[in-house]
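What follows is a single structure, written as structure tokens, with notes after it.
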Amino acid sequence: MFGIIRLKFTCRSLAGVATILLFLAGTAAVCQPPVSENTDDTADAVILEQSITYEVNWNGAGTETVTGKIKINNSEGRDYGYIAIGESSFEKVTRFSAAVHDASGRLVLSRKKDDCQRVCGYSAYGLYADVCYRGYTLTTNTYPYIVEYAYTRETKSSFFWPHWSPQTNIPVRLARYTAIVPSDTVFSIGVHGDIPPPVVGDSGKARIYVWQLTDIPPLADEDYSVPGSDDLMMLLFSPTHLRLGKYDFACRDWGAISQSYDKMVRPILKLGKDETALLADVPRDISRRRQCETLHRLLAARMRYVAIEIGVGGWQPCPVSETFQRGYGDCKDLAAVYAAMLSSLGIDSRVAYLKTRSLGATDSLLPVINQFNHAITMAVIDNDTVWIDPTCRTCPVGDLPSNDEDVFALVVDSAGGGLVRTPSSTALDNLIVRKADIDINPDKSIAVRLELTATGNIEHYLSSLLTESDPSLTKAGIQSGLAGLSSAFSIDSIAVPPDSARGPVEPVTIYGRMPNAIHLVGDKQYVSLEFISFLRGCEKAGLSERARPLDLSYPRAVVDSISLTLPPGWQLCGDETPIQISDDFGRLECDCRTVDGKAIITRRREANAYTIAADQLKSYRDYLQAVSKAAPERIVLCRVLR
Amino acid sequence: MARGHDSFICVFVLVGIMLIAAAAPVLAQKWGEVSSAEWQITPPEKMPEAPAAILFDLGEMTVCFDPFETILERHVRIKIFKKDAGADAATIEIPCLEKDRIKGLEAQTISPGGTKTPVKDIFTKKVDDVKIMTFTFPVIEDGAILEYRYRLINERLWELDPWYFQSEWYTFRSHLSVVMHVGFSYDVVRVNIPIAMQNPVIKETGSIRVPTKTFIWELTDLMPAPDEPYMAAKWDFLTSLRFNLVGFSLYFDSVSFVLTWPEIGENVEKWSRRFTGHDKDLALIADSLCAGEVLSHKKIKLLYTWIGDKIETRAESEDIDDALELLRLGHGTASEKNLALAGLLRTQGIIAHPVFIGRRDEHALFNPDIHRLSQFDRILCYVCDDSLGGLYDAGDELAIFPYLPPKDLVDLGLLINGDSTGPVTLQHFPRPSGTSVTSSLDLRPDGSALCSANVIIQGYDLSAYMKFIKDSLPAADIVDRIIDKSQVEYTLQSAVRKYEPETDQLSFDIILELPHLGAVVDETVFFSPFITEMISGNVFSSERRNFPIDFCYPRYARLRTFVRLSSGMTAADLPADIMEPIPDGLFSRSMKAAGNVIEVKARLDLRKSLYAVAEYDGMKKLFETMSASYADKIAVALGQR
């Protein structure tokens with residue numbers, strides 16, 4: 001599935017600009033021939049043709065030319081006629097033109113380069129980024145219509161060599177990618193999915209590589225999809241050498257990339273007097289691990305996450321002393337602060353770059369510099385690798401947030417670090433324990449006292465909920481996201497231990513009630529446990545028709561201990577034989593018994609996987625059905641016979 | 001909402017009106033100096049969970065006549081109580097227009113220990129001609145004080161920038177003073193300000209050469225105003241002041257900037273007639289569209305439909321000169337389209353006028369005492385016709401002839417009719433609106449069921465389903481819209497759609513197989529009788545609310561299910577009936593078993609479009625009860641009992 005082609009090339013690749021731009025090459029004719037009948041009319045829109053050409057220049061700069069033709073069939077497909085193109089200090093749009101023709105071929109509108117809305121400074125995750133977007137509106141009111149576009153963008157560095165993702169949410173009739181590179185350059189290509197090898201031509205000075213695909217089916221639009229999963233087509237490009245700003249990057253292998261990053265990062269690691277003063281608060285007579293934990297506590301209190309991306313600052317951390325003075329920075333700024341200050345304590349530590357799980361897996365076989373979207377710190381303590389994510393304030397030392405787990409991280413090192421796998425967590429690392437005491441009310445409702453304790457990623461989530469500025473968001477998050485409580489469950493109060501006392505063993509206590517939870521049928525009473533859900537949303541969402549891999553986020557375990565005070569004259573009835581189910585997807589144990597006038601129901605479930613592959617979905621559905629059947633959702637009570 | 005206005009005629013000596021200010025002097029808070037009282041401030045009693053609060057927000061707005069400009073000097077001080085939850089208060093955005101000038105912008109964090117750390121990095125974001133200066137405070141911690149100040153200079157004398165006392169954070173004190181040459185006079189609109197605080201303190205300031213007056217308002221202990229669901233135009237309810245220039249006098253000359261509505265109407269009418277000029281060309285187009293039709297109501301519909309369907313509605317104007325150009329280009333703003341419609345109708349001898357409105361949830365409501373067109377954000381077409389006279393909005397995709405879209409349902413507008421221009425009360429065609437789902441469930445002993453459902457969507461509720469009416473989306477897509485797949489697993493067997501414009505209804509007949517509707521426990525089946533919810537979830541989760549609840553239009557929802565039990569099954573236990581009335585509203589649910597049929601009915605009535613803030617608690621409880629009722633299960637016994 002992954003193929004690497006090593007070619008001579010001196011440019012860089014860029015991942016991240018993923019906008020379809022419509023463009024009419026050359027001058028637009030006043031009138032085009034009518035729309036071809038040979039198109040898919042049931043889809044909201046169809047990409048009839050899309051072509052990307054990236055030409056590498058001798059000096060490492062590049063020219064990207066994009067053309068496209070899309071047929072918009074109805075108003076649901078309208079969004080495909082909105083085009084946004086990014087510009088920055090490294091990229092400039094030099095040419096743009098577009099036209100819209102109606103079904104009879106009549107020209108409806110045309111656009112030139114400056115016929116756009118410009119939006120500058122906005123960043124998806126941060127305060128500010130020195131990026132502008134040109135937004136073009138290519139729509140009309142009568143369907144179907146054809147949008148054609150073309151644009152050219154000059155890039156100062158092959159760092160911005162665009163990757164190719166030809167598959168999208170609508171059908172694609174023809175997609176083409178052309179790379180034109182000087183003959184004496186070397187570059188690598190990563191191939192994902194079913195993409196045939198290129199046709200290679202030679203113009204004398206340059207080699208021309210052309211990939212072409214036809215009739216690409218649309219991606220199924222499903223919830224909880226695994227980003228960057230194996231079923232997605234992608235081409236990634238990586239030159240063996242590139243330049244970003246004033247920095248040279250050797251990209252022949254991960255070690256070389258690591259050394260190049262080191263040259264960019266090392267100069268900014270110097271500590272100032274304020275940072276050194278803070279280090280004085282870290283005792284020297286404790287273990288290295290505890291020194292690390294102390295420093296983490298001190299820095300978490302001072303620093304916070306704010307992203308500002310200017311120029312090469314999108315990739316290079318700010319000087320440590322500057323970040324420290326400001327008390328904020330983005331992930332790489334904070335990771336650099338940690339690495340520098342830990343090193344100053346004599347703890348071997350480095351900045352590590354990674355691609356978070358939410359963006360998909362890193363292609364470890366293809367050294368591509370700009371795959372990464374996040375940075376953390378790696379320390380070596382007593383020959384153990386210890387990871388710290390400074391952007392996760394609630395994550396203790398050694399405990400990464402779920403998005404950082406089980407991924408490749410590139411450790412930055414002057415001797416040439418490599419890719420290292422971050423640790424994964426197990427189900428028992430992410431445990432939620434729910435202890436419920438239930439009393440039956442005369443109006444057939446139940447009163448519930450619920451104690452929650454959590455560890456690992458679930459505890460991180462709980463901590464983040466408790467720092468919400470709006471208490472109603474805290475309550476809603478605890479109710480549905482954390483505790484799995486039904487929306488019908490009415491919370492009367494939530495008691496949270498004070499911050500200093502809270503930890504994995506300190507419970508959050510919820511008092512509430514569930515109406516209409518009791519059913520009287522003959523001489524039996526059924527007490528519903530549906531106030532607390534045993535399956536998660538991703539385990540219920542339309543699995544019967546699912547085709548794509550399922551993202552479960554991370555392994556987790558739940559232990560429910562439910563105690564029902566038996567009303568006078570009633571006893572637990574039914575089969576009290578414990579139930580056990582165990583397979584590759586996890587384990588379930590259920591137990592039901594009477595102890596001291598209470599019915600005690602215990603449900604324990606461990607789910608081991610981060611994701612479920614497409615070819616496992618059927619087995620997984622069967623497993624979930626078995627779990628649903630086995631885990632009691634109702635307690636059955638019978639009258640005591642006298 | 002308390003609204004009022006006064007007219008300050010500064011040329012008259014304010015005998016008996018001048019009040020010596022007992023309030024704090026203007027902008028007395030010194031930059032960088034924090035009092036011990038401020039250090040000791042804790043979260044307010046009314047809102048103990050507040051992670052941050054504005055200690056003061058001071059504004060001094062000076063209206064100058066030489067040059068003609070306004071200068072706002074602003075100084076804001078914020079206290080962080082909890083760093084993690086209050087971090088958002090440390091990021092500031094100051095919006096302004098391209099031509100505005102911001103000077104002297106500085107900001108600093110003052111730690112509880114007294115260390116001051118200035119903000120060094122200030123950025124400018126831009127969207128076309130709107131710019132936003134933004135920055136974030138450094139080294140925030142629990143108890144830190146953040147302050148910033150700046151001067152904003154613009155030329156918007158006609159309408160001074162509004163002053164909002166409320167923000168998204170609790171505000172201990174918000175203070176505005178307006179300094180102006182005595183020659184200026186402004187109308188002031190006060191929004192949601194307590195009556196006792198509406199009149200300013202007035203001070204004589206300036207000099208003999210340049211005499212000025214200062215008008216001071218100060219409000220304290222203001223609750224924050226976060227976004228809420230079903231919120232009407234925020235700007236209608238935020239505690240605020242608006243200023244509109246009335247006139248200016250200097251020595252013996254005076255200029256009035258207020259035009260009467262008729263004067264405004266004459267100007268607007270000249271412009272709109274120019275827009276719809278080219279009568280002969282428009283007449284040719286209209287004639288061909290009407291194709292010999294003689295009945296006026298049919299012509300209205302033909303022209304409305306053509307403008308609505310064939311001309312694309314764009315959000316931004318492209319400076320279209322006239323209706324002919326709009327028709328040629330094939331696109332325009334909604335207002336331009338409605339003007340063009342008026343022009344086309346007039347060529348057919350049908351009287352049509354533009355009507356200006358401020359739309360319901362996007363723009364401030366129209367105040368007829370303020371003679372400014374900036375109050376409006378949409379032009380509708382008013383048609384005088386015996387059979388189909390009324391208001392039309394051919395520019396809105398959510399409009400179905402002859403009705404307006406929900407956001408246009410406002411009570412007041414400005415009718416443009418030359419020297420008869422004036423505010424008019426707007427009446428709308430009565431239109432029952434709501435959704436009904438009537439289902440039949442054939443329940444089997446294994447908990448599976450065959451469901452046939454009839455969904456009828458009526459009136460303004462159709463706006464959410466326009467794509468099914470206009471674009472011929474597959475009828476099967478409706479099932480995804482009304483059923484949550486994660487709650488109800490289903491296999492669609494058939495879906496048939498029918499749209500009846502005469503009855504203003506869109507209906508679907510759906511047949512579904514529900515393999516796991518019920519859970520079987522111990523010879524009993526437990527199931528929920530509803531496959532869909534009336535309104536999903538409890539949208540009112542906040543403990544308190546500061547804005548009225550605006551549903552746009554009165555509406556109903558009906559769910560009715562007949563559960564047919566297979567042989568040998570009997571209804572064993574039904575949840576109790578529910579009745580949750582509120583003033584002008586109701587939720588009820590009842591279940592009855594007779595033989596092998598269980599009939600379940602649920603009903604939601606919201607009999608008015610706008611509910612006051614005081615009605616929030618009742619509305620919240622109604623929605624909580626309704627949301628909780630979806631989880632109620634029926635127990636059906638297998639075998640006779």
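Residues in the structure tokens are numbered from 1 in each chain, the chains being A, B, ... in the order shown, and ligands are numbered from 1 in the order shown.
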Requested in this report: Using only C-alpha atoms, determine which residues of chain B fall within 8 Å of chain A; present them as a PyMOL selection string.
Outcome: chain B and resi 49-51+84-86+123-128+134-141+309-313+329-331+467+471+485-487+489+521+537-538+541-543+572-576+624+627-633+635+637+641
Query raised in the report: How would you write, as a ChimeraX atom specification, the set of residues in stretch 55-268 of chain B that DSSP gives as strand (DSSP E)?
Result: /B:55-65,68-80,91-97,101-110,116-118,123-127,130-136,145-154,159-164,170-181,184-191,201-206,211-222,240-250,253-256
Report task. Compile the contact shell of B:His175 as a PyMOL selection string: residues with an atom at most 6 Å away, counting only C-alpha atoms, same-chain residues fewer than 4 positions apart removed. Result -> chain B and resi 58+217-218
Query raised in the report: If you measure from atom CA of A:Tyr177 to atom CA of A:Thr53, what distance in Å do you get, rounded to one decimal?
Result: 5.8 Å
Report task. Could you tell me, as a PyMOL selection string, which residues of stretch 135-260 of chain A DSSP assigns to helix (DSSP H, G or I) when given the backbone? Result -> chain A and resi 158-160+254-260
Using only C-alpha atoms, which protein or nucleic acid residues come within 9 Å of B:Asn367? Drop anything in the same chain fewer than 3 positions from it, and give the result as a CSV table (one decimal) with C-alpha atoms, in the first residue's frame.
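And here is the file that came out, result03.csv:
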chain,number,residue,atom,x,y,z
B,189,VAL,CA,-31.9,55.8,22.3
B,364,ALA,CA,-32.0,45.9,15.6
B,370,ILE,CA,-35.0,57.6,14.9
B,371,HIS,CA,-35.0,58.9,11.3
B,375,GLN,CA,-31.9,50.8,11.1
B,412,LEU,CA,-43.0,47.6,12.0
Query raised in the report: Which residues, written as a PyMOL selection string, have at least one atom at most 8 Å from A:Phe90, with only C-alpha atoms counted and residues fewer than 3 positions away on the same chain left out?
Result: chain A and resi 87+155-157+311
Query raised in the report: Quick one: of B:Ser374, B:Ser35, B:Thr561, B:Thr435, who's nearest to B:Ala453, counting only C-alpha atoms?
Result: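 When distances to B:Ala453 are compared using only C-alpha atoms, the smallest one comes from B:Thr561.
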Report task. Please measure the separation of atom CA of A:Ser321 and atom CA of A:Ala307, giving the value in Å to one decimal. Result ->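 If I compute the distance from atom CA of A:Ser321 to atom CA of A:Ala307, I get 16.4 Å.
Between atom CA of A:Pro196 and atom CA of A:Trp211 lies a distance of 7.2 Å.
Distances to B:Phe257 were evaluated for B:Leu241, B:Phe215, B:Glu159, B:Arg273 using only C-alpha atoms, and the minimum falls at B:Glu159.
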Query raised in the report: Using only C-alpha atoms, which residues sit within 9 Å of B:Leu365 once same-chain residues fewer than 4 positions away are excluded, as a list in words?
Result: Ala233, Trp235, Asp236, Ile357, Gly358, Arg359, Arg360, Asp361, Gln375, Phe376, Val410, Asp411 and Leu412 of chain B
Taking C-alpha atoms for each residue, export the selection above as a compact mmCIF listing (two decimals), in the first residue's frame.
# COMPACT_ATOMS: atom_id res chain seq x y z
CA ALA B 233 -31.20 40.42 17.65
CA TRP B 235 -28.33 44.47 19.80
CA ASP B 236 -31.99 45.02 20.63
CA ILE B 357 -37.39 46.52 7.67
CA GLY B 358 -34.81 45.47 10.25
CA ARG B 359 -34.86 41.66 10.17
CA ARG B 360 -35.76 39.75 13.20
CA ASP B 361 -32.69 38.04 14.48
CA GLN B 375 -31.87 50.84 11.09
CA PHE B 376 -32.87 48.65 8.18
CA VAL B 410 -41.39 41.96 12.16
CA ASP B 411 -44.14 44.27 13.32
CA LEU B 412 -42.96 47.58 12.01
**Report entry** Spatial neighbours of stretch 354-356 of chain A, max dist 8 Å, only C-alpha atoms, sep filter under 6 positions, as a ChimeraX atom specification
**Finding:** /A:362,371-376,403-404,407-410
